[in-house]
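**Student:** Coordinates in query_38.txt, compact mmCIF, N, CA and C atoms and all ligand atoms, are listed below.
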```
# COMPACT_ATOMS: atom_id res chain seq x y z
N MET B 81 -84.20 50.11 41.59
CA MET B 81 -83.20 49.62 42.54
C MET B 81 -82.71 48.24 42.12
N LYS B 82 -81.43 48.04 42.23
CA LYS B 82 -80.86 46.75 41.86
C LYS B 82 -81.21 45.69 42.90
N ASP B 83 -81.43 44.47 42.43
CA ASP B 83 -81.70 43.39 43.36
C ASP B 83 -80.48 43.21 44.26
N PHE B 84 -80.77 42.97 45.51
CA PHE B 84 -79.66 42.76 46.41
C PHE B 84 -79.62 41.31 46.87
N GLU B 85 -78.48 40.71 46.71
CA GLU B 85 -78.33 39.33 47.14
C GLU B 85 -77.38 39.29 48.33
N LEU B 86 -77.78 38.60 49.37
CA LEU B 86 -76.93 38.49 50.55
C LEU B 86 -75.74 37.58 50.24
N GLU B 87 -74.57 38.07 50.49
CA GLU B 87 -73.36 37.29 50.21
C GLU B 87 -72.83 36.68 51.51
N PRO B 88 -72.20 35.53 51.41
CA PRO B 88 -71.66 34.93 52.63
C PRO B 88 -70.25 35.46 52.96
N ALA B 89 -69.90 35.31 54.21
CA ALA B 89 -68.50 35.55 54.61
C ALA B 89 -67.80 34.21 54.46
N HIS B 90 -66.57 34.22 53.99
CA HIS B 90 -65.80 32.98 53.91
C HIS B 90 -64.87 32.92 55.11
N ILE B 91 -65.01 31.88 55.88
CA ILE B 91 -64.14 31.71 57.05
C ILE B 91 -63.27 30.49 56.83
N CYS B 92 -61.99 30.71 56.98
CA CYS B 92 -61.01 29.67 56.74
C CYS B 92 -60.52 29.14 58.09
N GLU B 93 -60.48 27.82 58.22
CA GLU B 93 -59.93 27.23 59.44
C GLU B 93 -58.66 26.48 59.07
N GLU B 94 -57.64 26.76 59.80
CA GLU B 94 -56.35 26.13 59.52
C GLU B 94 -55.89 25.32 60.73
N ILE B 95 -55.45 24.09 60.46
CA ILE B 95 -54.87 23.27 61.52
C ILE B 95 -53.44 22.95 61.13
N GLN B 96 -52.55 23.46 61.93
CA GLN B 96 -51.13 23.26 61.66
C GLN B 96 -50.57 22.35 62.75
N ARG B 97 -49.94 21.25 62.35
CA ARG B 97 -49.42 20.28 63.31
C ARG B 97 -48.04 20.71 63.81
N TYR B 98 -47.80 20.42 65.07
CA TYR B 98 -46.46 20.67 65.63
C TYR B 98 -45.54 19.48 65.38
N ASP B 99 -46.13 18.27 65.43
CA ASP B 99 -45.31 17.05 65.41
C ASP B 99 -45.09 16.47 64.02
N CYS B 100 -45.68 17.05 63.01
CA CYS B 100 -45.47 16.60 61.63
C CYS B 100 -45.62 17.84 60.74
N PRO B 101 -45.21 17.73 59.48
CA PRO B 101 -45.20 18.96 58.67
C PRO B 101 -46.55 19.30 58.01
N HIS B 102 -47.61 18.52 58.28
CA HIS B 102 -48.86 18.71 57.55
C HIS B 102 -49.72 19.86 58.05
N VAL B 103 -50.38 20.48 57.12
CA VAL B 103 -51.28 21.59 57.43
C VAL B 103 -52.59 21.31 56.69
N SER B 104 -53.71 21.51 57.36
CA SER B 104 -54.97 21.38 56.62
C SER B 104 -55.75 22.67 56.73
N ARG B 105 -56.45 22.97 55.65
CA ARG B 105 -57.23 24.20 55.65
C ARG B 105 -58.59 23.89 55.05
N THR B 106 -59.63 24.38 55.71
CA THR B 106 -60.98 24.23 55.17
C THR B 106 -61.63 25.60 55.09
N LEU B 107 -62.50 25.72 54.13
CA LEU B 107 -63.17 27.00 53.91
C LEU B 107 -64.67 26.78 54.04
N GLU B 108 -65.32 27.62 54.82
CA GLU B 108 -66.76 27.51 54.96
C GLU B 108 -67.41 28.86 54.70
N GLU B 109 -68.64 28.79 54.21
CA GLU B 109 -69.40 30.02 53.96
C GLU B 109 -70.39 30.23 55.10
N PHE B 110 -70.47 31.44 55.58
CA PHE B 110 -71.41 31.77 56.65
C PHE B 110 -72.21 33.00 56.24
N TYR B 111 -73.54 32.88 56.31
CA TYR B 111 -74.37 34.05 56.03
C TYR B 111 -74.53 34.91 57.28
N THR B 112 -74.33 34.28 58.43
CA THR B 112 -74.29 35.05 59.67
C THR B 112 -73.10 34.55 60.48
N VAL B 113 -72.47 35.45 61.19
CA VAL B 113 -71.33 35.09 62.03
C VAL B 113 -71.83 35.00 63.47
N ARG B 114 -71.66 33.83 64.06
CA ARG B 114 -72.14 33.64 65.43
C ARG B 114 -71.19 34.29 66.42
N CYS B 115 -71.72 35.18 67.23
CA CYS B 115 -70.90 35.90 68.20
C CYS B 115 -71.35 35.59 69.62
N GLN B 116 -70.40 35.16 70.42
CA GLN B 116 -70.68 34.93 71.84
C GLN B 116 -70.92 36.27 72.52
N VAL B 117 -71.92 36.31 73.39
CA VAL B 117 -72.21 37.53 74.15
C VAL B 117 -71.87 37.31 75.63
N ALA B 118 -72.07 36.08 76.10
CA ALA B 118 -71.77 35.76 77.50
C ALA B 118 -70.29 36.01 77.77
N ASP B 119 -70.00 36.73 78.83
CA ASP B 119 -68.63 37.08 79.23
C ASP B 119 -67.89 37.98 78.22
N MET B 120 -68.62 38.57 77.29
CA MET B 120 -68.00 39.47 76.32
C MET B 120 -68.58 40.87 76.53
N ARG B 121 -67.72 41.86 76.37
CA ARG B 121 -68.20 43.22 76.55
C ARG B 121 -68.61 43.87 75.23
N ASN B 122 -67.97 43.44 74.15
CA ASN B 122 -68.27 44.08 72.87
C ASN B 122 -67.97 43.15 71.69
N LEU B 123 -68.31 43.63 70.51
CA LEU B 123 -68.16 42.83 69.29
C LEU B 123 -66.70 42.46 69.03
N HIS B 124 -65.77 43.34 69.35
CA HIS B 124 -64.36 43.03 69.14
C HIS B 124 -63.90 41.84 69.98
N GLN B 125 -64.32 41.80 71.24
CA GLN B 125 -63.96 40.66 72.09
C GLN B 125 -64.54 39.37 71.52
N SER B 126 -65.74 39.48 71.01
CA SER B 126 -66.41 38.33 70.44
C SER B 126 -65.72 37.85 69.16
N LEU B 127 -65.29 38.78 68.34
CA LEU B 127 -64.57 38.43 67.11
C LEU B 127 -63.18 37.87 67.43
N ASP B 128 -62.57 38.33 68.52
CA ASP B 128 -61.30 37.76 68.97
C ASP B 128 -61.49 36.28 69.29
N GLU B 129 -62.63 35.97 69.87
CA GLU B 129 -62.96 34.59 70.24
C GLU B 129 -63.18 33.73 68.99
N VAL B 130 -63.82 34.31 67.97
CA VAL B 130 -64.06 33.57 66.72
C VAL B 130 -62.73 33.18 66.07
N THR B 131 -61.76 34.08 66.16
CA THR B 131 -60.49 33.86 65.46
C THR B 131 -59.36 33.43 66.40
N VAL B 132 -59.72 33.03 67.62
CA VAL B 132 -58.68 32.69 68.61
C VAL B 132 -57.90 31.43 68.18
N LYS B 133 -56.67 31.40 68.61
CA LYS B 133 -55.80 30.27 68.31
C LYS B 133 -55.97 29.23 69.42
N ASP B 134 -56.29 27.98 69.02
CA ASP B 134 -56.46 26.90 70.00
C ASP B 134 -55.33 25.91 69.86
N THR B 135 -54.80 25.48 71.00
CA THR B 135 -53.77 24.45 70.93
C THR B 135 -54.42 23.12 71.24
N LEU B 136 -54.23 22.16 70.33
CA LEU B 136 -54.80 20.83 70.52
C LEU B 136 -53.68 19.91 71.00
N GLU B 137 -53.76 19.51 72.27
CA GLU B 137 -52.72 18.64 72.82
C GLU B 137 -53.31 17.79 73.94
N GLY B 138 -52.53 16.87 74.46
CA GLY B 138 -53.01 15.97 75.51
C GLY B 138 -54.17 15.14 75.01
N ASP B 139 -55.28 15.13 75.78
CA ASP B 139 -56.46 14.35 75.38
C ASP B 139 -57.10 14.92 74.13
N ASN B 140 -56.79 16.15 73.86
CA ASN B 140 -57.41 16.86 72.74
C ASN B 140 -56.52 16.86 71.48
N CYS B 141 -55.56 15.96 71.42
CA CYS B 141 -54.65 15.89 70.27
C CYS B 141 -55.41 15.71 68.97
N TYR B 142 -54.83 16.18 67.90
CA TYR B 142 -55.45 16.12 66.59
C TYR B 142 -54.99 14.86 65.85
N THR B 143 -55.93 14.19 65.17
CA THR B 143 -55.54 13.01 64.40
C THR B 143 -55.21 13.46 62.98
N CYS B 144 -53.94 13.38 62.63
CA CYS B 144 -53.50 13.78 61.30
C CYS B 144 -53.84 12.66 60.33
N SER B 145 -54.65 13.00 59.31
CA SER B 145 -55.08 11.97 58.36
C SER B 145 -53.93 11.49 57.48
N GLN B 146 -52.96 12.35 57.27
CA GLN B 146 -51.82 11.95 56.42
C GLN B 146 -50.85 11.01 57.15
N CYS B 147 -50.70 11.22 58.46
CA CYS B 147 -49.79 10.37 59.25
C CYS B 147 -50.55 9.24 59.95
N SER B 148 -51.88 9.34 60.02
CA SER B 148 -52.71 8.44 60.81
C SER B 148 -52.18 8.35 62.24
N ALA B 149 -51.83 9.49 62.78
CA ALA B 149 -51.31 9.52 64.14
C ALA B 149 -51.87 10.72 64.89
N LYS B 150 -51.89 10.59 66.20
CA LYS B 150 -52.33 11.70 67.03
C LYS B 150 -51.15 12.64 67.22
N VAL B 151 -51.36 13.90 66.90
CA VAL B 151 -50.27 14.88 66.99
C VAL B 151 -50.76 16.14 67.69
N ARG B 152 -49.84 16.89 68.20
CA ARG B 152 -50.19 18.20 68.77
C ARG B 152 -50.37 19.16 67.61
N ALA B 153 -51.33 20.06 67.73
CA ALA B 153 -51.60 20.97 66.62
C ALA B 153 -52.13 22.30 67.11
N GLU B 154 -52.19 23.23 66.21
CA GLU B 154 -52.69 24.56 66.51
C GLU B 154 -53.82 24.84 65.53
N LYS B 155 -54.95 25.27 66.05
CA LYS B 155 -56.12 25.51 65.20
C LYS B 155 -56.47 26.99 65.26
N ARG B 156 -56.73 27.55 64.12
CA ARG B 156 -57.10 28.96 64.10
C ARG B 156 -58.02 29.26 62.93
N ALA B 157 -58.91 30.22 63.10
CA ALA B 157 -59.84 30.59 62.03
C ALA B 157 -59.65 32.05 61.68
N CYS B 158 -59.93 32.39 60.44
CA CYS B 158 -59.86 33.78 60.03
C CYS B 158 -60.86 34.04 58.91
N PHE B 159 -61.14 35.29 58.67
CA PHE B 159 -62.03 35.66 57.57
C PHE B 159 -61.22 35.73 56.31
N LYS B 160 -61.65 34.97 55.31
CA LYS B 160 -60.92 34.98 54.05
C LYS B 160 -61.56 35.95 53.07
N LYS B 161 -62.88 35.99 53.08
CA LYS B 161 -63.58 36.93 52.20
C LYS B 161 -64.72 37.56 52.98
N LEU B 162 -64.80 38.86 52.92
CA LEU B 162 -65.87 39.56 53.63
C LEU B 162 -66.92 40.04 52.64
N PRO B 163 -68.19 39.86 52.99
CA PRO B 163 -69.25 40.37 52.12
C PRO B 163 -69.43 41.87 52.31
N ARG B 164 -70.19 42.50 51.43
CA ARG B 164 -70.42 43.94 51.59
C ARG B 164 -71.20 44.22 52.85
N ILE B 165 -72.13 43.30 53.14
CA ILE B 165 -72.90 43.44 54.39
C ILE B 165 -72.62 42.19 55.22
N LEU B 166 -72.11 42.40 56.41
CA LEU B 166 -71.76 41.28 57.29
C LEU B 166 -72.80 41.20 58.41
N CYS B 167 -73.43 40.05 58.54
CA CYS B 167 -74.47 39.88 59.57
C CYS B 167 -73.92 39.13 60.77
N PHE B 168 -74.25 39.62 61.93
CA PHE B 168 -73.82 38.96 63.16
C PHE B 168 -75.03 38.40 63.88
N ASN B 169 -74.87 37.21 64.39
CA ASN B 169 -75.90 36.58 65.20
C ASN B 169 -75.37 36.59 66.62
N THR B 170 -75.93 37.46 67.45
CA THR B 170 -75.44 37.55 68.82
C THR B 170 -76.10 36.46 69.66
N MET B 171 -75.26 35.62 70.21
CA MET B 171 -75.73 34.45 70.96
C MET B 171 -76.14 34.88 72.37
N ARG B 172 -77.39 35.32 72.49
CA ARG B 172 -77.86 35.86 73.76
C ARG B 172 -78.41 34.80 74.71
N TYR B 173 -78.31 33.55 74.32
CA TYR B 173 -78.80 32.50 75.22
C TYR B 173 -77.69 31.55 75.61
N THR B 174 -77.68 31.16 76.84
CA THR B 174 -76.74 30.15 77.31
C THR B 174 -77.54 29.05 78.00
N PHE B 175 -76.93 27.91 78.13
CA PHE B 175 -77.61 26.80 78.79
C PHE B 175 -77.01 26.64 80.17
N ASN B 176 -77.85 26.74 81.18
CA ASN B 176 -77.41 26.59 82.56
C ASN B 176 -77.43 25.11 82.93
N MET B 177 -76.25 24.55 83.17
CA MET B 177 -76.13 23.12 83.45
C MET B 177 -76.66 22.75 84.83
N VAL B 178 -76.80 23.74 85.71
CA VAL B 178 -77.31 23.46 87.05
C VAL B 178 -78.83 23.38 87.02
N THR B 179 -79.46 24.38 86.42
CA THR B 179 -80.93 24.40 86.37
C THR B 179 -81.47 23.65 85.15
N MET B 180 -80.57 23.32 84.20
CA MET B 180 -80.93 22.67 82.94
C MET B 180 -81.93 23.52 82.14
N LEU B 181 -81.79 24.83 82.27
CA LEU B 181 -82.66 25.74 81.53
C LEU B 181 -81.86 26.69 80.66
N LYS B 182 -82.51 27.14 79.60
CA LYS B 182 -81.90 28.12 78.72
C LYS B 182 -82.06 29.49 79.39
N GLU B 183 -80.99 30.26 79.43
CA GLU B 183 -81.08 31.57 80.09
C GLU B 183 -80.65 32.67 79.15
N LYS B 184 -81.32 33.79 79.25
CA LYS B 184 -80.95 34.92 78.40
C LYS B 184 -79.80 35.69 79.04
N VAL B 185 -78.84 36.08 78.20
CA VAL B 185 -77.70 36.88 78.68
C VAL B 185 -78.10 38.34 78.52
N ASN B 186 -78.27 39.03 79.63
CA ASN B 186 -78.74 40.42 79.57
C ASN B 186 -77.65 41.45 79.81
N THR B 187 -76.40 41.00 79.78
CA THR B 187 -75.30 41.94 80.02
C THR B 187 -75.15 42.89 78.84
N HIS B 188 -74.54 44.04 79.12
CA HIS B 188 -74.35 45.04 78.07
C HIS B 188 -73.33 44.54 77.04
N PHE B 189 -73.65 44.74 75.78
CA PHE B 189 -72.77 44.31 74.70
C PHE B 189 -72.74 45.44 73.68
N SER B 190 -71.57 45.99 73.43
CA SER B 190 -71.53 47.17 72.56
C SER B 190 -70.95 46.87 71.18
N PHE B 191 -71.36 47.69 70.23
CA PHE B 191 -70.93 47.59 68.84
C PHE B 191 -70.24 48.89 68.46
N PRO B 192 -69.15 48.82 67.75
CA PRO B 192 -68.50 50.06 67.33
C PRO B 192 -69.34 50.75 66.23
N MET B 193 -69.23 52.05 66.11
CA MET B 193 -69.94 52.79 65.06
C MET B 193 -69.36 52.43 63.70
N ARG B 194 -68.07 52.19 63.69
CA ARG B 194 -67.37 51.77 62.47
C ARG B 194 -66.61 50.52 62.82
N LEU B 195 -66.86 49.45 62.08
CA LEU B 195 -66.21 48.19 62.40
C LEU B 195 -64.99 47.96 61.51
N ASP B 196 -63.85 47.81 62.14
CA ASP B 196 -62.61 47.53 61.41
C ASP B 196 -62.36 46.02 61.50
N MET B 197 -62.49 45.34 60.38
CA MET B 197 -62.32 43.88 60.35
C MET B 197 -60.89 43.47 60.00
N SER B 198 -60.00 44.43 59.81
CA SER B 198 -58.65 44.11 59.31
C SER B 198 -57.87 43.18 60.25
N GLY B 199 -58.17 43.19 61.53
CA GLY B 199 -57.46 42.32 62.47
C GLY B 199 -57.92 40.88 62.45
N TYR B 200 -58.99 40.59 61.69
CA TYR B 200 -59.57 39.25 61.70
C TYR B 200 -59.45 38.55 60.36
N VAL B 201 -58.76 39.16 59.43
CA VAL B 201 -58.64 38.57 58.10
C VAL B 201 -57.36 37.75 57.98
N GLU B 202 -57.36 36.91 56.96
CA GLU B 202 -56.26 35.97 56.71
C GLU B 202 -54.90 36.67 56.67
N LYS B 203 -54.86 37.77 55.96
CA LYS B 203 -53.61 38.51 55.77
C LYS B 203 -52.95 38.86 57.12
N HIS B 204 -53.78 39.16 58.09
CA HIS B 204 -53.28 39.56 59.40
C HIS B 204 -52.96 38.36 60.29
N LEU B 205 -53.78 37.28 60.17
CA LEU B 205 -53.67 36.18 61.13
C LEU B 205 -52.89 34.95 60.69
N MET B 206 -52.82 34.74 59.37
CA MET B 206 -52.20 33.50 58.91
C MET B 206 -50.76 33.74 58.45
N PRO B 207 -49.91 32.73 58.62
CA PRO B 207 -48.54 32.88 58.14
C PRO B 207 -48.52 33.10 56.63
N ALA B 208 -47.68 33.97 56.17
CA ALA B 208 -47.63 34.38 54.77
C ALA B 208 -47.48 33.21 53.80
N GLN B 209 -46.72 32.18 54.18
CA GLN B 209 -46.47 31.09 53.24
C GLN B 209 -47.70 30.28 52.88
N TYR B 210 -48.78 30.38 53.70
CA TYR B 210 -49.97 29.58 53.40
C TYR B 210 -51.07 30.39 52.73
N GLN B 211 -50.84 31.65 52.50
CA GLN B 211 -51.87 32.47 51.88
C GLN B 211 -51.99 32.20 50.40
N GLY B 212 -53.22 32.28 49.93
CA GLY B 212 -53.46 32.16 48.49
C GLY B 212 -53.49 30.74 47.99
N ILE B 213 -53.41 29.75 48.90
CA ILE B 213 -53.52 28.34 48.49
C ILE B 213 -54.98 28.08 48.11
N VAL B 214 -55.20 27.33 47.04
CA VAL B 214 -56.58 27.01 46.63
C VAL B 214 -57.16 26.03 47.64
N LEU B 215 -58.32 26.38 48.15
CA LEU B 215 -58.93 25.56 49.19
C LEU B 215 -59.89 24.54 48.60
N PRO B 216 -59.87 23.31 49.12
CA PRO B 216 -60.62 22.23 48.50
C PRO B 216 -62.12 22.20 48.76
N THR B 217 -62.57 22.57 49.93
CA THR B 217 -63.99 22.35 50.24
C THR B 217 -64.75 23.63 50.54
N LEU B 218 -65.98 23.64 50.15
CA LEU B 218 -66.90 24.72 50.48
C LEU B 218 -68.18 24.06 50.96
N SER B 219 -68.56 24.31 52.19
CA SER B 219 -69.80 23.68 52.65
C SER B 219 -70.81 24.76 53.01
N ASP B 220 -72.04 24.34 53.18
CA ASP B 220 -73.13 25.29 53.45
C ASP B 220 -73.05 25.86 54.85
N ASP B 221 -73.71 26.97 55.02
CA ASP B 221 -73.84 27.63 56.31
C ASP B 221 -74.54 26.66 57.28
N ARG B 222 -73.98 26.49 58.48
CA ARG B 222 -74.60 25.60 59.44
C ARG B 222 -75.16 26.38 60.61
ZN ZN B 301 -49.12 14.60 59.63
```
Go through the file and emit its structure as structure tokens.

**Tutor:**
Amino acid sequence: MKDFELEPAHICEEIQRYDCPHVSRTLEEFYTVRCQVADMRNLHQSLDEVTVKDTLEGDNCYTCSQCSAKVRAEKRACFKKLPRILCFNTMRYTFNMVTMLKEKVNTHFSFPMRLDMSGYVEKHLMPAQYQGIVLPTLSDDR
């Protein structure tokens, strides 16, 4: 049998500014993909959350390093490279701020028999003009 090496998934995060023309993209390697289970019914809902588009505005404005100014921006993540075997870490614990205790999430969470990742990849989620750009950083799984 051939040695098997676990490969990471590459997740790309893109921040596109509304108030200036700059775009930043970072690439990270993950050996496991963290999936929220609380308030989620299945893996697809959880993956939607991983790749959801966030608007950074108001108090949450993004500081553009090129302009040195606070600007409104849009943040989104997508899978750039998928490994042959993709591992999910289901986040079954939440922290209860009232009791200050860690609680297990026991709600039902389902997995499809066949997982279609095509809706979560760069090709599907990112604007065509930014695809295929060489990314500057690769950091370790956190
Ligand atoms: Zn800028």

**Student:** Could you check which of B:Glu94, B:Glu154, B:Glu108, B:Asp119 is closest to Val185 in chain B, using all atoms listed in the file?

**Tutor:** B:Asp119

**Student:** Where does chain B meet ligand ZN 301 (chain B) within 7 Å, residue by residue, with the nearest atom pair and distance in Å to one decimal for each, counting only N, CA and C atoms and all ligand atoms, listed by chain and rising number, as CSV?

**Tutor:**
```
residue,atom,partner,partner_atom,distance
B:Arg97,CA,B:ZN301,ZN,6.8
B:Asp99,C,B:ZN301,ZN,6.2
B:Cys100,CA,B:ZN301,ZN,4.6
B:Pro101,N,B:ZN301,ZN,5.0
B:His102,N,B:ZN301,ZN,4.4
B:Val103,N,B:ZN301,ZN,6.5
B:Cys144,CA,B:ZN301,ZN,4.8
B:Ser145,N,B:ZN301,ZN,5.8
B:Gln146,C,B:ZN301,ZN,4.7
B:Cys147,N,B:ZN301,ZN,3.9
B:Ser148,N,B:ZN301,ZN,6.0
B:Ala149,N,B:ZN301,ZN,6.6
```

**Student:** Pick out the closest residue to Met206 in chain B from this set: B:Phe84, B:Phe159, B:Phe110, B:Phe191. Count only C-alpha atoms.

**Tutor:** B:Phe159

**Student:** Taking the DSSP secondary structure from the backbone, can you list the residues of range 111-216 of chain B that are helix (DSSP H, G or I), as an NGL selection string?

**Tutor:** :B and (123-130 or 138-140 or 198-200 or 202-205 or 208-210)

**Student:** Range 89-202 of chain B: which residues are strand (DSSP E or B) by DSSP, as a ChimeraX atom specification?

**Tutor:** /B:89-97,103-110,113-116,122,134-136,142-144,149-151,153-161,168-171,173-176,181-184,190,201

**Student:** Counting only C-alpha atoms, select every polymer residue within 12 Å of (-76.2, 40.0, 50.4) as defined in the file's coordinates, and provide the selection as a ChimeraX atom specification.

**Tutor:** /B:82-89,110-112,162-167

**Student:** List as a VMD selection string the protein and nucleic acid residues near Thr131 in chain B, meaning an atom at most 6 Å away when all atoms listed in the file are counted, but skip any in the same chain fewer than 6 places from it.

**Tutor:** chain B and resid 156 to 158

**Student:** For the atom pair atom N of Lys155 in chain B and CA of Gly199 in chain B, what is the interatomic distance in Å to one decimal place?

**Tutor:**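 Answer for the atom N of Lys155 in chain B to CA of Gly199 in chain B separation: 17.6 Å.
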
**Student:** Could you please determine the separation between CA of Arg121 in chain B and atom C of His188 in chain B in Å, to one decimal place?

**Tutor:**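 Taking CA of Arg121 in chain B as the start and atom C of His188 in chain B as the end point, the length is 5.3 Å.
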